[in-house]
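*Asks:* Have a look at the structure that comes next, please.
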Amino acid sequence: MNLPKPLRRLALPALLIVPLGLGMGLALSSGPGAQTADAVTLQAARDAHEAGRAVLIDIREPNEHARGVAAGARLLPMSQLPQRLAEIPTDPAMPVLLICNTQNRSSATLKALRQQGYAHVRYVDGGMAAWVRRGWPVVPPGP
């Protein structure tokens, strides 16, 4: 199995990661190369997160979080995911969105989780780099 290095030890329990259906008001990404059910547009992710209709999980590392995070995002560094997997919500009424800096790690994490049988993971197209380029607000990470 070809997992990203931090996820190679990942032993996933029976965990449901919530699907993001169009009925939840989340549009699929329409950017180049991202026209799959795996990606959610940056705008749709922000709208759902800020409205409380989705949980945004920032999988960047702590040194990246220090530059600023989306208000209310859960900080779960990819390197810590195997030990902290239980922190991912399992409530089917609350979708989960993965975001990193550019979508490379979040899409790789999605693929690793899919290989383990988790068919309903989504990542945010564009990541926090696109968030910042749009001038959207960021806040210092919490403790």
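Residues are named by chain letter and number: chains run A, B, ... in the order of the structure tokens, numbers start at 1 in each chain, and ligands are numbered from 1 in the order shown.
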Give me the segment 75-139 of chain A side of the contact with segment 47-59 of chain A, cut-off 6 Å, one line per residue showing its nearest atom pair and distance in Å at one decimal, counting only C-alpha atoms, sorted by chain and residue number, as a Markdown table.

*Replies:*
```
| residue | atom | partner | partner_atom | distance |
| --- | --- | --- | --- | --- |
| A:Leu75 | CA | A:Asp58 | CA | 5.0 |
| A:Leu76 | CA | A:Ile59 | CA | 5.0 |
| A:Pro77 | CA | A:Ile59 | CA | 4.2 |
| A:Met78 | CA | A:Ile59 | CA | 4.9 |
| A:Met94 | CA | A:Ala54 | CA | 5.3 |
| A:Pro95 | CA | A:Ala54 | CA | 4.6 |
| A:Val96 | CA | A:Val55 | CA | 4.8 |
| A:Leu97 | CA | A:Leu56 | CA | 4.9 |
| A:Leu98 | CA | A:Ile57 | CA | 5.0 |
| A:Ile99 | CA | A:Asp58 | CA | 4.9 |
| A:Cys100 | CA | A:Ile59 | CA | 5.3 |
```

*Asks:* Need the shell around Arg133 of chain A: protein/DNA/RNA residues with any atom at most 12 Å away, counting only C-alpha atoms. Skip same-chain ones fewer than 4 positions apart. Format as a PyMOL selection string?

*Replies:* chain A and resi 42+101-102+126-129+137-138

*Asks:* Give me a file of those residues, with C-alpha atoms, as a CSV table (one decimal), in the first residue's frame.

*Replies:*
```csv
chain,number,residue,atom,x,y,z
A,42,LEU,CA,-13.0,26.6,-1.3
A,101,ASN,CA,-1.9,24.4,2.4
A,102,THR,CA,-2.4,23.6,-1.3
A,126,GLY,CA,-7.0,25.1,-3.2
A,127,GLY,CA,-6.3,24.8,0.5
A,128,MET,CA,-5.2,27.6,2.9
A,129,ALA,CA,-2.9,29.2,0.3
A,137,PRO,CA,-9.6,36.1,7.6
A,138,VAL,CA,-7.2,33.9,9.5
```

*Asks:* Find the spatial neighbours of Gly68 of chain A, counting only C-alpha atoms, within a cut-off of 7 Å - ignore same-chain residues fewer than 6 positions away - and output them as an MDAnalysis selection string.

*Replies:* chainID A and resid 138:141

*Asks:* Please return, as a PyMOL selection string, all residues of segment 41-132 of chain A that DSSP assigns to helix (DSSP H, G or I) on the basis of the backbone.

*Replies:* chain A and resi 42-50+62-65+78-87+104-115+127-132

*Asks:* Using only C-alpha atoms, which of A:Thr41, A:Asn63, A:Thr90, A:Gln80 sits nearest Tyr123 of chain A?

*Replies:*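 So, comparing all the options, the nearest one is A:Thr41.
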
*Asks:* How far is it from atom CA of Ala130 of chain A to atom CA of Ala44 of chain A, in Å with one decimal?

*Replies:*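 Atom-to-atom, atom CA of Ala130 of chain A to atom CA of Ala44 of chain A, that is 13.2 Å.
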